[in-house]
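Student: To start, I am sharing the structure in question, which I have written as structure tokens.
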Amino acid sequence: MVFRKVQGLVPDFFPSFEKASVSAFREVFGDVNVSGYWFSYGQAIVKCMQKVGLKEAYVQEESVKKVVQCSFGLPLLPVDDISAALEDVRLAIPSDSPHAEKLQQLARYVKRQWL
């Protein structure tokens with residue numbers, strides 16, 4: 001009974017965007033609005049950018065910086081526009097760029113982890 005009352009008091013949840021914590025919370029509390037912090041999202045994008053090897057390219061190449069910065073801005077869009085905007089970001093990656101595959105990895109990460 002107490003558990004059900006707690007469920008009613010928790011309409012929104014603000015995780016650190018760890019996929020496991022979101023899944024666990026939804027399993028326990030059902031259909032709740034899972035929101036998060038833009039700062040945490042930005043940190044995750046930076047970590048992914050570094051992991052795929054784009055850190056130097058981000059500083060040195062405007063085309064790389066543009067794609068990453070557009071990725072940072074996705075959560076600021078209306079929810080219904082985010083998927084299409086991510087596709088626009090992905091299509092804006094220059095195919096002749098030496099960093100194209102790494103930028104595609106970043107876009108795949110955003111889609112897999114955040115959408």
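Numbering starts fresh at 1 for the residues of each chain in the structure tokens, the chains themselves are lettered A, B, ... in the order given, and ligands are numbered from 1 as they appear.
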Any idea what's packed within 9 Å of region 100-107 of chain A, counting only C-alpha atoms, ignoring anything in its chain fewer than 5 positions away? Could you give it as a CSV table (one decimal) with N, CA and C atoms, in the first residue's frame?
Tutor:
```csv
chain,number,residue,atom,x,y,z
A,45,ILE,N,27.8,13.5,-24.3
A,45,ILE,CA,28.2,13.7,-25.7
A,45,ILE,C,29.7,13.9,-25.7
A,48,CYS,N,31.5,10.7,-25.2
A,48,CYS,CA,31.5,9.9,-26.5
A,48,CYS,C,32.4,10.4,-27.5
A,49,MET,N,32.4,11.8,-27.7
A,49,MET,CA,33.3,12.4,-28.6
A,49,MET,C,34.7,12.1,-28.4
A,52,VAL,N,35.4,8.2,-29.2
A,52,VAL,CA,35.6,7.9,-30.6
A,52,VAL,C,36.8,8.6,-31.3
A,53,GLY,N,37.4,9.4,-30.5
A,53,GLY,CA,38.6,10.1,-31.0
A,53,GLY,C,38.4,11.4,-31.8
A,54,LEU,N,37.4,12.2,-31.4
A,54,LEU,CA,37.1,13.4,-32.0
A,54,LEU,C,37.6,14.7,-31.2
A,64,VAL,N,33.5,19.5,-37.8
A,64,VAL,CA,33.3,18.6,-36.7
A,64,VAL,C,32.6,19.3,-35.6
A,67,VAL,N,28.8,19.7,-36.1
A,67,VAL,CA,28.0,18.5,-35.9
A,67,VAL,C,27.9,18.2,-34.4
A,68,VAL,N,29.0,18.4,-33.7
A,68,VAL,CA,28.9,18.1,-32.2
A,68,VAL,C,28.0,19.2,-31.6
A,71,SER,N,24.5,18.4,-32.1
A,71,SER,CA,24.1,17.3,-31.2
A,71,SER,C,23.8,17.8,-29.8
A,86,LEU,N,18.1,15.0,-35.6
A,86,LEU,CA,19.2,14.1,-35.5
A,86,LEU,C,19.6,13.6,-36.9
A,87,GLU,N,18.6,13.2,-37.7
A,87,GLU,CA,18.8,12.8,-39.1
A,87,GLU,C,19.4,13.9,-39.9
A,89,VAL,N,21.3,16.3,-38.7
A,89,VAL,CA,22.7,16.3,-38.3
A,89,VAL,C,23.5,15.3,-38.9
A,90,ARG,N,23.0,14.0,-39.0
A,90,ARG,CA,23.7,12.9,-39.6
A,90,ARG,C,24.0,13.2,-41.1
A,93,ILE,N,27.0,15.5,-42.1
A,93,ILE,CA,28.3,15.1,-41.9
A,93,ILE,C,28.9,14.9,-43.3
A,94,PRO,N,30.0,15.7,-43.6
A,94,PRO,CA,30.6,15.6,-44.9
A,94,PRO,C,31.2,14.2,-45.2
A,95,SER,N,30.7,13.6,-46.2
A,95,SER,CA,31.2,12.2,-46.5
A,95,SER,C,32.7,12.2,-46.9
A,112,ARG,N,20.9,5.7,-30.3
A,112,ARG,CA,20.8,4.5,-29.5
A,112,ARG,C,20.6,4.8,-28.0
```
Student: So, counting only C-alpha atoms, which residue among A:Asp80, A:Lys65, A:Gln60, A:Leu74 is closest to Tyr41 (chain A)?
Tutor: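 The answer is A:Leu74, which sits nearest to Tyr41 (chain A).
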Student: What is the CA of Phe72 (chain A)-CA of Gly42 (chain A) distance in Å, reported with one decimal?
Tutor: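 Separation between CA of Phe72 (chain A) and CA of Gly42 (chain A): 6.0 Å.
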Student: Have a look at A:Ala57, A:Ala85, A:Cys70, A:Val79 and name the one nearest to Ser97 (chain A); count only C-alpha atoms.
Tutor: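 Comparing A:Ala57, A:Ala85, A:Cys70, A:Val79 against Ser97 (chain A), the winner is A:Ala57.
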Student: Work out how far apart CA of His99 (chain A) and CA of Gln69 (chain A) are and give it in Å to one decimal.
Tutor: 15.3 Å
Student: Give me, please, the distance in Å between CA of Lys51 (chain A) and CA of Ser83 (chain A), quoted to one decimal.
Tutor: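 So the answer is 23.2 Å.
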Student: So, counting only C-alpha atoms, which residue among A:Trp38, A:Tyr109, A:Ala44, A:Leu91 is closest to Pro75 (chain A)?
Tutor: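 Answer, going by the shortest atom-to-atom distance: A:Trp38.
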